[in-house]
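S.K.: Below is the file model01.txt, which contains compact mmCIF, C-alpha atoms.
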# COMPACT_ATOMS: atom_id res chain seq x y z
CA MET N 1 67.50 187.41 -292.40
CA ASP N 2 64.84 185.19 -290.80
CA VAL N 3 63.96 181.72 -292.03
CA ASN N 4 60.82 182.87 -293.85
CA ALA N 5 62.83 185.43 -295.81
CA ILE N 6 65.43 182.77 -296.65
CA ALA N 7 62.67 180.40 -297.78
CA ASP N 8 61.22 183.13 -300.02
CA TYR N 9 64.69 183.77 -301.47
CA LEU N 10 65.07 180.05 -302.25
CA GLY N 11 61.87 180.20 -304.25
CA TYR N 12 63.55 182.49 -306.81
CA GLN N 13 66.56 180.18 -307.33
CA PRO N 14 66.27 177.56 -310.10
CA LEU N 15 67.70 174.76 -307.99
CA PHE N 16 65.24 175.30 -305.13
CA ALA N 17 62.19 176.58 -307.03
CA PRO N 18 60.76 173.07 -307.71
CA LEU N 19 60.52 172.43 -303.97
CA SER N 20 57.27 173.02 -302.15
CA PRO N 21 56.98 176.03 -299.79
CA LYS N 22 57.10 173.59 -296.88
CA GLU N 23 60.29 171.97 -298.21
CA ARG N 24 61.94 175.34 -298.78
CA LEU N 25 61.03 176.44 -295.26
CA ASP N 26 62.46 173.19 -293.92
CA LEU N 27 65.74 173.83 -295.75
CA ALA N 28 65.81 177.46 -294.62
CA THR N 29 65.80 176.36 -290.99
CA ARG N 30 68.90 174.24 -291.69
CA MET N 31 70.90 176.86 -293.60
CA ARG N 32 73.56 178.94 -291.90
CA PRO N 33 74.73 182.41 -293.00
CA ARG N 34 78.43 182.85 -293.77
CA HIS N 35 80.24 186.04 -294.75
CA PHE N 36 83.53 186.08 -296.65
CA ALA N 37 85.69 189.16 -297.09
CA ARG N 38 87.26 190.05 -300.43
CA ASN N 39 90.08 187.60 -301.27
CA GLU N 40 89.13 185.28 -298.41
CA VAL N 41 89.29 181.58 -299.28
CA VAL N 42 85.98 179.78 -298.82
CA PHE N 43 87.62 176.38 -299.11
CA HIS N 44 90.77 174.91 -300.63
CA ARG N 45 91.11 172.10 -303.10
CA ASP N 46 91.33 168.75 -301.24
CA ASP N 47 89.45 170.11 -298.20
CA PRO N 48 86.68 167.85 -296.87
CA ALA N 49 83.38 168.45 -298.67
CA ALA N 50 80.15 168.37 -296.72
CA HIS N 51 78.24 171.55 -297.66
CA LEU N 52 76.98 173.43 -300.66
CA TYR N 53 76.79 177.24 -300.72
CA LEU N 54 74.10 179.56 -302.03
CA ILE N 55 75.36 183.09 -302.74
CA ALA N 56 73.06 185.81 -301.45
CA SER N 57 75.35 188.61 -302.66
CA GLY N 58 78.86 188.92 -304.04
CA THR N 59 81.05 186.89 -306.39
CA VAL N 60 83.44 183.99 -305.92
CA LYS N 61 85.95 182.40 -308.27
CA ILE N 62 86.51 178.68 -308.69
CA SER N 63 90.14 177.91 -309.51
CA VAL N 64 92.75 175.18 -309.68
CA GLU N 65 96.52 175.31 -309.63
CA ALA N 66 98.24 174.38 -312.88
CA GLU N 67 101.72 172.92 -313.24
CA GLY N 68 104.25 175.46 -312.10
CA GLY N 69 101.90 176.88 -309.47
CA GLN N 70 99.93 179.18 -311.78
CA GLU N 71 96.29 179.72 -310.86
CA VAL N 72 93.70 178.96 -313.53
CA VAL N 73 90.17 180.26 -312.94
CA ILE N 74 87.48 177.82 -314.04
CA ALA N 75 84.41 179.96 -313.35
CA LEU N 76 82.94 182.92 -311.53
CA VAL N 77 79.81 182.34 -309.44
CA ARG N 78 77.54 185.22 -308.49
CA GLY N 79 74.48 186.06 -306.40
CA GLY N 80 71.65 183.56 -306.69
CA GLU N 81 73.95 180.75 -307.82
CA VAL N 82 75.27 177.78 -305.89
CA PHE N 83 78.70 176.19 -305.66
CA GLY N 84 80.16 173.19 -303.91
CA GLU N 85 77.26 171.09 -305.15
CA LEU N 86 79.44 168.02 -305.78
CA ALA N 87 79.34 167.55 -302.01
CA LEU N 88 75.78 166.32 -302.50
CA PHE N 89 76.88 163.21 -304.33
CA ASP N 90 79.85 161.88 -302.43
CA GLU N 91 82.11 162.56 -299.49
CA ALA N 92 85.21 163.12 -301.61
CA GLN N 93 87.52 166.09 -301.15
CA ARG N 94 86.94 169.44 -302.85
CA SER N 95 88.01 169.41 -306.50
CA ALA N 96 88.90 173.14 -306.67
CA THR N 97 89.61 176.19 -304.54
CA VAL N 98 86.90 178.84 -304.09
CA THR N 99 87.83 182.42 -303.19
CA ALA N 100 85.64 185.47 -302.64
CA LEU N 101 86.33 188.16 -305.26
CA THR N 102 84.16 190.65 -303.40
CA ASP N 103 82.55 190.81 -299.97
CA THR N 104 80.28 187.79 -300.26
CA ASN N 105 77.32 186.60 -298.20
CA THR N 106 76.28 182.99 -298.48
CA PHE N 107 73.99 180.42 -296.95
CA THR N 108 75.53 177.00 -296.32
CA LEU N 109 73.57 173.78 -296.37
CA ALA N 110 74.80 170.36 -295.27
CA SER N 111 74.65 167.90 -298.15
CA ARG N 112 72.78 165.34 -296.05
CA ASP N 113 70.04 167.90 -295.27
CA PHE N 114 69.54 168.76 -298.94
CA MET N 115 69.52 165.12 -300.02
CA ASP N 116 66.88 164.33 -297.40
CA VAL N 117 64.56 166.71 -299.26
CA LEU N 118 65.86 166.19 -302.80
CA GLN N 119 65.34 162.44 -302.91
CA HIS N 120 61.57 162.99 -302.59
CA ASN N 121 61.41 165.65 -305.33
CA PRO N 122 62.31 164.48 -308.87
CA ALA N 123 61.89 167.99 -310.35
CA ALA N 124 64.50 169.43 -308.01
CA MET N 125 66.83 166.53 -308.79
CA ARG N 126 66.50 167.30 -312.51
CA GLN N 127 67.40 170.93 -311.81
CA LEU N 128 70.50 169.81 -309.94
CA LEU N 129 71.56 167.52 -312.79
CA ALA N 130 70.97 170.38 -315.26
CA LEU N 131 73.21 172.60 -313.13
CA LEU N 132 75.96 169.98 -313.17
CA ALA N 133 75.61 169.58 -316.94
CA ARG N 134 76.00 173.35 -317.45
CA ARG N 135 79.10 173.37 -315.26
CA ILE N 136 80.63 170.49 -317.22
CA ARG N 137 79.88 172.14 -320.58
CA HIS N 138 81.37 175.41 -319.33
CA SER N 139 84.52 173.68 -318.12
CA THR N 140 84.87 171.77 -321.39
CA GLY N 141 84.51 175.00 -323.39
CA HIS N 142 87.08 176.71 -321.17
CA ILE N 143 89.59 173.92 -321.77
CA GLU N 144 89.00 174.13 -325.53
CA ASP N 145 89.65 177.89 -325.40
CA LEU N 146 92.96 177.34 -323.60
CA VAL N 147 94.03 174.77 -326.19
CA PHE N 148 92.82 176.27 -329.46
CA LEU N 149 92.80 180.07 -329.03
CA ASP N 150 95.84 182.33 -328.99
CA LEU N 151 96.20 184.77 -326.10
CA PRO N 152 94.42 187.76 -327.75
CA GLY N 153 91.55 185.41 -328.62
CA ARG N 154 91.36 184.05 -325.08
CA VAL N 155 91.36 187.55 -323.59
CA ALA N 156 88.68 188.76 -326.01
CA LYS N 157 86.46 185.74 -325.34
CA CYS N 158 86.91 186.13 -321.58
CA LEU N 159 85.78 189.77 -321.74
CA ILE N 160 82.80 189.01 -323.95
CA ASP N 161 81.70 186.03 -321.83
CA GLN N 162 81.93 187.95 -318.55
CA ASN N 163 80.03 190.90 -319.99
CA GLU N 164 77.25 188.63 -321.24
CA LEU N 165 77.08 186.67 -317.98
CA ILE N 166 76.26 189.69 -315.86
CA GLY N 167 74.53 191.82 -318.51
CA SER N 168 76.69 194.78 -317.61
CA LYS N 169 76.40 196.62 -320.94
CA GLY N 170 80.09 196.75 -321.62
CA LYS N 171 81.45 196.96 -318.07
CA VAL N 172 83.75 194.12 -316.97
CA GLU N 173 84.61 194.12 -313.24
CA LEU N 174 87.84 192.13 -313.40
CA THR N 175 91.41 193.09 -312.63
CA GLN N 176 94.13 192.27 -315.14
CA GLU N 177 95.44 189.65 -312.73
CA GLU N 178 92.01 187.98 -312.61
CA ILE N 179 91.78 188.03 -316.41
CA ALA N 180 95.24 186.45 -316.55
CA SER N 181 94.05 183.65 -314.26
CA PHE N 182 91.07 183.06 -316.51
CA VAL N 183 93.09 182.80 -319.72
CA GLY N 184 96.10 180.92 -318.36
CA ALA N 185 98.69 183.66 -318.89
CA THR N 186 100.78 186.14 -316.92
CA ARG N 187 99.47 189.54 -315.97
CA VAL N 188 102.24 191.19 -318.00
CA ALA N 189 101.23 189.29 -321.15
CA VAL N 190 97.56 190.13 -320.61
CA ASN N 191 98.43 193.78 -320.05
CA ARG N 192 100.16 193.90 -323.45
CA VAL N 193 97.05 192.46 -325.11
CA LEU N 194 94.72 194.89 -323.32
CA VAL N 195 96.89 197.92 -324.12
CA ASP N 196 96.84 196.89 -327.79
CA LEU N 197 93.05 196.45 -327.69
CA GLU N 198 92.69 199.88 -326.10
CA ARG N 199 94.94 201.42 -328.75
CA ARG N 200 92.69 199.94 -331.44
CA GLY N 201 89.52 201.17 -329.73
CA ALA N 202 88.09 197.84 -328.57
CA VAL N 203 88.28 198.54 -324.83
CA LYS N 204 88.86 201.35 -322.36
CA LEU N 205 90.99 200.41 -319.37
CA GLY N 206 90.30 201.50 -315.79
CA ARG N 207 91.44 200.55 -312.30
CA GLY N 208 90.20 197.04 -311.54
CA ARG N 209 87.74 197.15 -314.43
CA LEU N 210 87.42 197.93 -318.11
CA GLU N 211 84.76 198.92 -320.61
CA ILE N 212 84.11 197.20 -323.92
CA THR N 213 83.81 199.97 -326.49
CA ASP N 214 83.76 197.87 -329.68
CA GLY N 215 82.32 194.39 -329.21
CA GLU N 216 82.56 193.52 -332.90
CA LEU N 217 86.28 194.23 -332.95
CA LEU N 218 86.71 192.01 -329.89
CA LYS N 219 84.82 189.16 -331.58
CA LYS N 220 87.18 189.34 -334.56
CA GLU N 221 90.04 188.48 -332.18
CA ILE N 222 88.47 185.06 -331.50
CA ARG N 223 90.01 182.91 -334.22
CA HIS N 224 90.22 179.13 -333.77
For this file, produce the structure as structure tokens.
M.R.:
Amino acid sequence: MDVNAIADYLGYQPLFAPLSPKERLDLATRMRPRHFARNEVVFHRDDPAAHLYLIASGTVKISVEAEGGQEVVIALVRGGEVFGELALFDEAQRSATVTALTDTNTFTLASRDFMDVLQHNPAAMRQLLALLARRIRHSTGHIEDLVFLDLPGRVAKCLIDQNELIGSKGKVELTQEEIASFVGATRVAVNRVLVDLERRGAVKLGRGRLEITDGELLKKEIRH
């Protein structure tokens, strides 16, 4: 993809849209393509942080390790979204691990290059702060789910949220292990919940995916 195509692509992304065409072209010349295979780690928690990533295609998961070594997924990030944006504000280490869930193509941008442009564009800075606010609200809601919902409720909410995020009309492209990471449980425990939901007609299980067949029944599982 040449720099003009990258600049055009930036124009469709909320974080970069407030920039002028000249500013987007300037950034495009500084961005570098990176490909990550399925299950490849993009960076680990505590790695040095100097770049943000814009996803051109694919999906990554942001996760941390809980006590006992269990992985807890904080969020999924898909095409058109950015991650690693905290690198823009300080030179601290990464706060989470990011792993490609599918073959993923990204563009990386050094934080200093973005800040050179961002500091002269208040509208783009507001977009970045709005992105951070959404991430914080999402993380807070996820923590509340882990604390206040039982496991069937957490599984049901995870399925509904993921379906709504990608507008997949009932299709959820997550393995049972990935769902378990999202809800802070073992795969075996999640499997029992999903089998029960399938028995009751709420979902239909498949290999590495499932289909929501009764959204209203799923919502009734979410009881605080």
S.K.: Kindly indicate which residue among N:Leu118, N:Val73, N:Ile62, N:Leu109 lies nearest to Glu23 in chain N, using only C-alpha atoms for the distances.
M.R.: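 Between N:Leu118, N:Val73, N:Ile62, N:Leu109, the residue approaching Glu23 in chain N most closely is N:Leu118.
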S.K.: Please determine, counting only C-alpha atoms, which residue among N:Lys61, N:Thr97, N:Gln13, N:Asn4 has the shortest atom-to-atom distance to Asp47 in chain N.
M.R.: N:Thr97
S.K.: For a test of reading the model, state the distance in Å between CA of Ile222 in chain N and CA of Ala100 in chain N, rounded to one decimal.
M.R.: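 A separation of 29.0 Å between them.
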S.K.: Pick out the residues sitting within 8 Å of range 202-219 of chain N, and hand them over as a list in words; count only C-alpha atoms, and ignore anything fewer than 2 positions along from it in its own chain.
M.R.: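 Residues meeting the cut-off are Ala156, Lys157, Leu159, Ile160, Gly170, Lys171, Val172, Glu173, Leu174, Thr175, Gln176, Leu194, Val195, Leu197, Glu198, Arg199, Arg200, Glu221 and Ile222 of chain N.
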S.K.: Please dump the current selection as a tab-separated table (two decimals), in the coordinates of the input; keep C-alpha atoms.
M.R.:
chain	number	residue	atom	x	y	z
N	156	ALA	CA	88.68	188.76	-326.01
N	157	LYS	CA	86.46	185.74	-325.34
N	159	LEU	CA	85.78	189.77	-321.74
N	160	ILE	CA	82.80	189.01	-323.95
N	170	GLY	CA	80.09	196.75	-321.62
N	171	LYS	CA	81.45	196.96	-318.07
N	172	VAL	CA	83.75	194.12	-316.97
N	173	GLU	CA	84.61	194.12	-313.24
N	174	LEU	CA	87.84	192.13	-313.40
N	175	THR	CA	91.41	193.09	-312.63
N	176	GLN	CA	94.13	192.27	-315.14
N	194	LEU	CA	94.72	194.89	-323.32
N	195	VAL	CA	96.89	197.92	-324.12
N	197	LEU	CA	93.05	196.45	-327.69
N	198	GLU	CA	92.69	199.88	-326.10
N	199	ARG	CA	94.94	201.42	-328.75
N	200	ARG	CA	92.69	199.94	-331.44
N	221	GLU	CA	90.04	188.48	-332.18
N	222	ILE	CA	88.47	185.06	-331.50
S.K.: I need the residue nearest Glu177 in chain N from this list: N:Leu128, N:Thr108, N:Val155, N:Ser20. Use all atoms listed in the file for the distance.
M.R.: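 Of all the options, N:Val155 lies closest to Glu177 in chain N.
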S.K.: What gap, in Å, lies between CA of Glu40 in chain N and CA of Ala87 in chain N?
M.R.: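 These atoms are spaced 20.6 Å apart.
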S.K.: Kindly give the distance, in Å, that separates CA of Val60 in chain N and CA of Thr104 in chain N, rounded to a single decimal.
M.R.: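 Between CA of Val60 in chain N and CA of Thr104 in chain N the gap works out to 7.5 Å.
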S.K.: Output range 27-42 of chain N as a compact mmCIF listing (two decimals), in the coordinates of the input, making sure N, CA and C atoms are there.
M.R.:
# COMPACT_ATOMS: atom_id res chain seq x y z
N LEU N 27 64.33 173.60 -295.43
CA LEU N 27 65.74 173.83 -295.75
C LEU N 27 66.24 175.12 -295.13
N ALA N 28 65.40 176.15 -295.16
CA ALA N 28 65.81 177.46 -294.62
C ALA N 28 66.17 177.36 -293.15
N THR N 29 65.49 176.51 -292.41
CA THR N 29 65.80 176.36 -290.99
C THR N 29 67.15 175.67 -290.77
N ARG N 30 67.64 174.97 -291.81
CA ARG N 30 68.90 174.24 -291.69
C ARG N 30 70.09 175.01 -292.27
N MET N 31 69.82 176.11 -292.96
CA MET N 31 70.90 176.86 -293.60
C MET N 31 71.54 177.83 -292.61
N ARG N 32 72.82 178.06 -292.79
CA ARG N 32 73.56 178.94 -291.90
C ARG N 32 74.24 180.05 -292.70
N PRO N 33 74.09 181.31 -292.27
CA PRO N 33 74.73 182.41 -293.00
C PRO N 33 76.24 182.41 -292.79
N ARG N 34 76.98 182.71 -293.85
CA ARG N 34 78.43 182.85 -293.77
C ARG N 34 78.85 184.07 -294.60
N HIS N 35 79.71 184.87 -294.03
CA HIS N 35 80.24 186.04 -294.75
C HIS N 35 81.71 185.81 -295.04
N PHE N 36 82.13 186.19 -296.26
CA PHE N 36 83.53 186.08 -296.65
C PHE N 36 84.00 187.43 -297.17
N ALA N 37 85.12 187.89 -296.65
CA ALA N 37 85.69 189.16 -297.09
C ALA N 37 86.35 188.98 -298.46
N ARG N 38 86.57 190.09 -299.14
CA ARG N 38 87.26 190.05 -300.43
C ARG N 38 88.60 189.33 -300.28
N ASN N 39 88.85 188.41 -301.21
CA ASN N 39 90.08 187.60 -301.27
C ASN N 39 90.18 186.53 -300.19
N GLU N 40 89.13 186.35 -299.40
CA GLU N 40 89.13 185.28 -298.41
C GLU N 40 88.80 183.95 -299.08
N VAL N 41 89.53 182.91 -298.72
CA VAL N 41 89.29 181.58 -299.28
C VAL N 41 88.10 180.94 -298.58
N VAL N 42 87.14 180.48 -299.37
CA VAL N 42 85.98 179.78 -298.82
C VAL N 42 86.37 178.35 -298.46
